[in-house]
Amino acid sequence: MDSQELQERVIAWLAAQEVPAYLVGGCVRDRVLGRPTYDLDVAVAGEGLRVARHLANSRSGAYYPLDEERRTGRAILFHDDGRLVVDVARFRGEPPLALEDDLAGRDFTVNAMAIDVRHPATIIDHHGGLADLEARVVKPVGEDSIRDDPIRALRAARLAAELGFRLAPETSALMARDGRAVARVSPERVRDELARLLAVPRAAPWLAHLDELGLLSAILPELEPLRGLPQSLPHRIDALAHTLATVEAMEGIAAQLRWQMAVPDGRGPMPWGKGP
């Protein structure tokens, strides 16, 4: 059984349960885009911990309680090619809990769509996520999207970089206004988002944009002493700009290496521009 088949079986299992359940977040976005998905986020109108535990038991998987307060559990299921992670959470918001409130509290419109597991062919879209996917733009769900969780400022850049999207002007404005509070977010969450951003082929322009918005020093305060630090000739830019330029140059070398390795006969140009 491959990952896709296991995902469909998980959806069918959820549909057979008494509690209403919905696929939400990035897995819905990636399904619409036709991108591979390696995990499922599920929102339920009841006890997420219990549903996750029963799901894990049904397929001899592993179960972990992720967040007791928010009643969120994780089931790790195994297939022929690896594993599938399924996070099951109770609807976000204040009682009485509803899917609409859960989606309204999410970060960006492209992540604020849902699929009822009992009607998997229909996309629930209250915030224009489908239109923004078509336009290839990252927009906030609401005015407080980044204020509510400042890690979303970094996630916006990472998401746009991964998908090849652009940031809506209002997204950049909210990042500049509320994003500096990312300095108070747990280092583990910042590390995870930054690592994913740096893993994309062209992260350098996004690092520069984060700096323009005043966020780079918030997540990497060690860089701030480089700002305005002059260098000896022939350099004409300060040490911080030089550091960002170095990242961009290294990405160019990495792209050339990837291209060379993809040439069937292995005789593409060497990364420094000369043949063998």
# chains A, B, ... in the order shown; residues from 1 in each chain; ligands from 1

call {"tool": "residues_around", "arguments": {"residues": "Arg184 in chain A", "least_positions_apart": "6", "cutoff": "10 Å", "atoms": "only C-alpha atoms", "output": "number ranges by chain"}}
result
A: 150-151, 190, 218-219

call {"tool": "residues_around", "arguments": {"residues": "Gly142 in chain A", "least_positions_apart": "5", "cutoff": "9 Å", "atoms": "only C-alpha atoms", "output": "compact mmCIF listing (two decimals) with all heavy atoms, in the first residue's frame"}}
result
# COMPACT_ATOMS: atom_id res chain seq x y z
N ALA A 104 -11.87 30.51 10.31
CA ALA A 104 -11.66 31.96 10.45
C ALA A 104 -10.43 32.26 11.29
O ALA A 104 -9.86 33.36 11.19
CB ALA A 104 -12.89 32.61 11.08
N GLY A 105 -10.00 31.31 12.12
CA GLY A 105 -8.83 31.53 12.96
C GLY A 105 -7.53 31.06 12.34
O GLY A 105 -6.48 31.11 13.00
N ARG A 106 -7.57 30.63 11.10
CA ARG A 106 -6.34 30.12 10.45
C ARG A 106 -5.53 31.26 9.85
O ARG A 106 -5.95 32.42 9.87
CB ARG A 106 -6.69 29.05 9.43
CG ARG A 106 -7.23 27.80 10.14
CD ARG A 106 -7.49 26.62 9.26
NE ARG A 106 -7.90 25.50 10.12
CZ ARG A 106 -7.06 24.60 10.65
NH1 ARG A 106 -5.77 24.65 10.35
NH2 ARG A 106 -7.50 23.65 11.43
N ASP A 107 -4.35 30.92 9.35
CA ASP A 107 -3.38 31.97 8.99
C ASP A 107 -3.67 32.63 7.66
O ASP A 107 -3.91 33.84 7.58
CB ASP A 107 -1.95 31.41 9.03
CG ASP A 107 -1.79 30.09 8.29
OD1 ASP A 107 -2.72 29.69 7.55
OD2 ASP A 107 -0.73 29.44 8.45
N PHE A 108 -3.64 31.85 6.57
CA PHE A 108 -3.76 32.41 5.23
C PHE A 108 -4.92 31.75 4.48
O PHE A 108 -5.28 30.61 4.77
CB PHE A 108 -2.44 32.24 4.47
CG PHE A 108 -1.27 32.78 5.24
CD1 PHE A 108 -0.33 31.94 5.80
CD2 PHE A 108 -1.13 34.15 5.43
CE1 PHE A 108 0.73 32.43 6.54
CE2 PHE A 108 -0.07 34.66 6.17
CZ PHE A 108 0.86 33.80 6.72
N THR A 109 -5.47 32.48 3.54
CA THR A 109 -6.67 31.98 2.87
C THR A 109 -6.45 30.64 2.19
O THR A 109 -7.34 29.80 2.16
CB THR A 109 -7.16 33.00 1.83
OG1 THR A 109 -6.12 33.22 0.85
CG2 THR A 109 -7.51 34.33 2.49

call {"tool": "closest_residue", "arguments": {"among": "A:Arg118, A:His235, A:Arg31, A:Arg90", "to": "Trp13 in chain A", "atoms": "only C-alpha atoms"}}
result
A:Arg118

call {"tool": "closest_residue", "arguments": {"among": "A:Leu40, A:Leu229, A:Val86, A:Leu154", "to": "Gly61 in chain A", "atoms": "only C-alpha atoms"}}
result
A:Val86

call {"tool": "residues_around", "arguments": {"residues": "Glu170 in chain A", "least_positions_apart": "4", "cutoff": "12 Å", "atoms": "only C-alpha atoms", "output": "PDB file with all heavy atoms, in the first residue's frame"}}
result
ATOM      1  N   PHE A 108      -3.640  31.852   6.568  1.00  0.00           N
ATOM      2  CA  PHE A 108      -3.760  32.409   5.230  1.00  0.00           C
ATOM      3  C   PHE A 108      -4.915  31.755   4.485  1.00  0.00           C
ATOM      4  O   PHE A 108      -5.278  30.606   4.768  1.00  0.00           O
ATOM      5  CB  PHE A 108      -2.441  32.241   4.473  1.00  0.00           C
ATOM      6  CG  PHE A 108      -1.266  32.779   5.235  1.00  0.00           C
ATOM      7  CD1 PHE A 108      -0.333  31.936   5.800  1.00  0.00           C
ATOM      8  CD2 PHE A 108      -1.129  34.150   5.429  1.00  0.00           C
ATOM      9  CE1 PHE A 108       0.731  32.435   6.538  1.00  0.00           C
ATOM     10  CE2 PHE A 108      -0.073  34.658   6.168  1.00  0.00           C
ATOM     11  CZ  PHE A 108       0.859  33.797   6.724  1.00  0.00           C
ATOM     12  N   VAL A 137      -1.201  33.762  -4.794  1.00  0.00           N
ATOM     13  CA  VAL A 137      -0.912  34.825  -3.840  1.00  0.00           C
ATOM     14  C   VAL A 137      -1.200  34.338  -2.425  1.00  0.00           C
ATOM     15  O   VAL A 137      -2.137  33.566  -2.201  1.00  0.00           O
ATOM     16  CB  VAL A 137      -1.741  36.091  -4.171  1.00  0.00           C
ATOM     17  CG1 VAL A 137      -3.245  35.817  -4.066  1.00  0.00           C
ATOM     18  CG2 VAL A 137      -1.350  37.249  -3.289  1.00  0.00           C
ATOM     19  N   VAL A 138      -0.401  34.805  -1.467  1.00  0.00           N
ATOM     20  CA  VAL A 138      -0.585  34.480  -0.056  1.00  0.00           C
ATOM     21  C   VAL A 138      -1.236  35.677   0.625  1.00  0.00           C
ATOM     22  O   VAL A 138      -0.633  36.752   0.707  1.00  0.00           O
ATOM     23  CB  VAL A 138       0.757  34.147   0.624  1.00  0.00           C
ATOM     24  CG1 VAL A 138       0.559  33.873   2.116  1.00  0.00           C
ATOM     25  CG2 VAL A 138       1.413  32.940  -0.047  1.00  0.00           C
ATOM     26  N   LYS A 139      -2.471  35.492   1.089  1.00  0.00           N
ATOM     27  CA  LYS A 139      -3.218  36.550   1.763  1.00  0.00           C
ATOM     28  C   LYS A 139      -3.601  36.102   3.169  1.00  0.00           C
ATOM     29  O   LYS A 139      -3.893  34.927   3.392  1.00  0.00           O
ATOM     30  CB  LYS A 139      -4.504  36.885   0.995  1.00  0.00           C
ATOM     31  CG  LYS A 139      -4.331  37.633  -0.298  1.00  0.00           C
ATOM     32  CD  LYS A 139      -5.705  37.963  -0.887  1.00  0.00           C
ATOM     33  CE  LYS A 139      -5.577  38.702  -2.211  1.00  0.00           C
ATOM     34  NZ  LYS A 139      -6.917  38.977  -2.788  1.00  0.00           N
ATOM     35  N   PRO A 140      -3.647  37.031   4.119  1.00  0.00           N
ATOM     36  CA  PRO A 140      -4.077  36.671   5.474  1.00  0.00           C
ATOM     37  C   PRO A 140      -5.581  36.455   5.519  1.00  0.00           C
ATOM     38  O   PRO A 140      -6.332  37.070   4.750  1.00  0.00           O
ATOM     39  CB  PRO A 140      -3.667  37.885   6.309  1.00  0.00           C
ATOM     40  CG  PRO A 140      -3.708  39.024   5.345  1.00  0.00           C
ATOM     41  CD  PRO A 140      -3.279  38.456   4.016  1.00  0.00           C
ATOM     42  N   VAL A 141      -6.000  35.586   6.437  1.00  0.00           N
ATOM     43  CA  VAL A 141      -7.438  35.382   6.618  1.00  0.00           C
ATOM     44  C   VAL A 141      -8.074  36.622   7.229  1.00  0.00           C
ATOM     45  O   VAL A 141      -9.182  37.013   6.863  1.00  0.00           O
ATOM     46  CB  VAL A 141      -7.703  34.144   7.492  1.00  0.00           C
ATOM     47  CG1 VAL A 141      -9.178  34.052   7.877  1.00  0.00           C
ATOM     48  CG2 VAL A 141      -7.280  32.874   6.760  1.00  0.00           C
ATOM     49  N   GLY A 142      -7.364  37.259   8.179  1.00  0.00           N
ATOM     50  CA  GLY A 142      -7.931  38.422   8.841  1.00  0.00           C
ATOM     51  C   GLY A 142      -6.869  39.401   9.299  1.00  0.00           C
ATOM     52  O   GLY A 142      -5.658  39.158   9.185  1.00  0.00           O
ATOM     53  N   GLU A 143      -7.301  40.512   9.837  1.00  0.00           N
ATOM     54  CA  GLU A 143      -6.418  41.581  10.293  1.00  0.00           C
ATOM     55  C   GLU A 143      -5.470  41.131  11.387  1.00  0.00           C
ATOM     56  O   GLU A 143      -4.360  41.644  11.521  1.00  0.00           O
ATOM     57  CB  GLU A 143      -7.281  42.752  10.786  1.00  0.00           C
ATOM     58  CG  GLU A 143      -6.511  43.920  11.354  1.00  0.00           C
ATOM     59  CD  GLU A 143      -5.798  44.740  10.284  1.00  0.00           C
ATOM     60  OE1 GLU A 143      -6.109  44.556   9.085  1.00  0.00           O
ATOM     61  OE2 GLU A 143      -4.943  45.563  10.656  1.00  0.00           O
ATOM     62  N   ASP A 144      -5.897  40.147  12.187  1.00  0.00           N
ATOM     63  CA  ASP A 144      -5.085  39.700  13.326  1.00  0.00           C
ATOM     64  C   ASP A 144      -4.366  38.387  13.060  1.00  0.00           C
ATOM     65  O   ASP A 144      -3.862  37.754  13.995  1.00  0.00           O
ATOM     66  CB  ASP A 144      -5.980  39.539  14.564  1.00  0.00           C
ATOM     67  CG  ASP A 144      -6.539  40.871  15.043  1.00  0.00           C
ATOM     68  OD1 ASP A 144      -5.844  41.889  14.887  1.00  0.00           O
ATOM     69  OD2 ASP A 144      -7.669  40.882  15.565  1.00  0.00           O
ATOM     70  N   SER A 145      -4.298  37.970  11.805  1.00  0.00           N
ATOM     71  CA  SER A 145      -3.725  36.656  11.495  1.00  0.00           C
ATOM     72  C   SER A 145      -2.316  36.493  12.036  1.00  0.00           C
ATOM     73  O   SER A 145      -1.979  35.460  12.625  1.00  0.00           O
ATOM     74  CB  SER A 145      -3.733  36.423   9.980  1.00  0.00           C
ATOM     75  OG  SER A 145      -5.034  36.185   9.506  1.00  0.00           O
ATOM     76  N   ILE A 146      -1.462  37.495  11.852  1.00  0.00           N
ATOM     77  CA  ILE A 146      -0.074  37.384  12.305  1.00  0.00           C
ATOM     78  C   ILE A 146       0.060  37.804  13.760  1.00  0.00           C
ATOM     79  O   ILE A 146       0.856  37.233  14.504  1.00  0.00           O
ATOM     80  CB  ILE A 146       0.858  38.190  11.377  1.00  0.00           C
ATOM     81  CG1 ILE A 146       0.867  37.521   9.993  1.00  0.00           C
ATOM     82  CG2 ILE A 146       2.270  38.300  11.944  1.00  0.00           C
ATOM     83  CD1 ILE A 146       1.638  38.263   8.941  1.00  0.00           C
ATOM     84  N   ALA A 153       4.428  35.155  10.311  1.00  0.00           N
ATOM     85  CA  ALA A 153       5.187  36.085   9.476  1.00  0.00           C
ATOM     86  C   ALA A 153       6.278  35.345   8.716  1.00  0.00           C
ATOM     87  O   ALA A 153       6.498  35.575   7.514  1.00  0.00           O
ATOM     88  CB  ALA A 153       5.789  37.193  10.337  1.00  0.00           C
ATOM     89  N   ALA A 156       4.661  32.879   6.133  1.00  0.00           N
ATOM     90  CA  ALA A 156       4.195  33.499   4.889  1.00  0.00           C
ATOM     91  C   ALA A 156       5.297  33.488   3.837  1.00  0.00           C
ATOM     92  O   ALA A 156       5.069  33.139   2.669  1.00  0.00           O
ATOM     93  CB  ALA A 156       3.729  34.930   5.155  1.00  0.00           C
ATOM     94  N   ARG A 166       3.403  34.866  -4.624  1.00  0.00           N
ATOM     95  CA  ARG A 166       3.819  36.183  -4.163  1.00  0.00           C
ATOM     96  C   ARG A 166       3.030  36.522  -2.895  1.00  0.00           C
ATOM     97  O   ARG A 166       1.977  35.921  -2.625  1.00  0.00           O
ATOM     98  CB  ARG A 166       3.558  37.242  -5.232  1.00  0.00           C
ATOM     99  CG  ARG A 166       2.107  37.372  -5.640  1.00  0.00           C
ATOM    100  CD  ARG A 166       1.892  38.366  -6.764  1.00  0.00           C
ATOM    101  NE  ARG A 166       0.498  38.375  -7.214  1.00  0.00           N
ATOM    102  CZ  ARG A 166      -0.464  39.072  -6.654  1.00  0.00           C
ATOM    103  NH1 ARG A 166      -0.200  39.860  -5.593  1.00  0.00           N
ATOM    104  NH2 ARG A 166      -1.705  39.032  -7.117  1.00  0.00           N
ATOM    105  N   LEU A 174       1.128  43.380   7.310  1.00  0.00           N
ATOM    106  CA  LEU A 174       0.914  42.755   8.616  1.00  0.00           C
ATOM    107  C   LEU A 174       2.199  42.124   9.144  1.00  0.00           C
ATOM    108  O   LEU A 174       2.442  42.128  10.355  1.00  0.00           O
ATOM    109  CB  LEU A 174      -0.190  41.708   8.522  1.00  0.00           C
ATOM    110  CG  LEU A 174      -1.596  42.219   8.243  1.00  0.00           C
ATOM    111  CD1 LEU A 174      -2.600  41.065   8.243  1.00  0.00           C
ATOM    112  CD2 LEU A 174      -2.011  43.277   9.269  1.00  0.00           C
ATOM    113  N   MET A 175       3.028  41.596   8.242  1.00  0.00           N
ATOM    114  CA  MET A 175       4.321  41.044   8.671  1.00  0.00           C
ATOM    115  C   MET A 175       5.176  42.136   9.303  1.00  0.00           C
ATOM    116  O   MET A 175       5.800  41.931  10.347  1.00  0.00           O
ATOM    117  CB  MET A 175       5.042  40.410   7.481  1.00  0.00           C
ATOM    118  CG  MET A 175       4.404  39.131   6.974  1.00  0.00           C
ATOM    119  SD  MET A 175       5.032  38.624   5.346  1.00  0.00           S
ATOM    120  CE  MET A 175       6.736  38.178   5.753  1.00  0.00           C
ATOM    121  N   ALA A 176       5.198  43.321   8.661  1.00  0.00           N
ATOM    122  CA  ALA A 176       5.993  44.435   9.187  1.00  0.00           C
ATOM    123  C   ALA A 176       5.410  44.953  10.504  1.00  0.00           C
ATOM    124  O   ALA A 176       6.156  45.330  11.416  1.00  0.00           O
ATOM    125  CB  ALA A 176       6.061  45.558   8.158  1.00  0.00           C
ATOM    126  N   ARG A 177       4.087  44.972  10.606  1.00  0.00           N
ATOM    127  CA  ARG A 177       3.441  45.520  11.805  1.00  0.00           C
ATOM    128  C   ARG A 177       3.529  44.586  13.007  1.00  0.00           C
ATOM    129  O   ARG A 177       3.833  45.020  14.129  1.00  0.00           O
ATOM    130  CB  ARG A 177       1.967  45.809  11.502  1.00  0.00           C
ATOM    131  CG  ARG A 177       1.253  46.581  12.611  1.00  0.00           C
ATOM    132  CD  ARG A 177      -0.246  46.636  12.374  1.00  0.00           C
ATOM    133  NE  ARG A 177      -0.888  45.340  12.656  1.00  0.00           N
ATOM    134  CZ  ARG A 177      -2.185  45.113  12.502  1.00  0.00           C
ATOM    135  NH1 ARG A 177      -2.978  46.079  12.030  1.00  0.00           N
ATOM    136  NH2 ARG A 177      -2.702  43.916  12.778  1.00  0.00           N
ATOM    137  N   ASP A 178       3.277  43.289  12.769  1.00  0.00           N
ATOM    138  CA  ASP A 178       3.136  42.356  13.886  1.00  0.00           C
ATOM    139  C   ASP A 178       4.221  41.294  13.952  1.00  0.00           C
ATOM    140  O   ASP A 178       4.304  40.566  14.944  1.00  0.00           O
ATOM    141  CB  ASP A 178       1.773  41.648  13.792  1.00  0.00           C
ATOM    142  CG  ASP A 178       0.609  42.621  13.810  1.00  0.00           C
ATOM    143  OD1 ASP A 178       0.705  43.626  14.534  1.00  0.00           O
ATOM    144  OD2 ASP A 178      -0.394  42.367  13.111  1.00  0.00           O
TER     145      ASP A 178
END
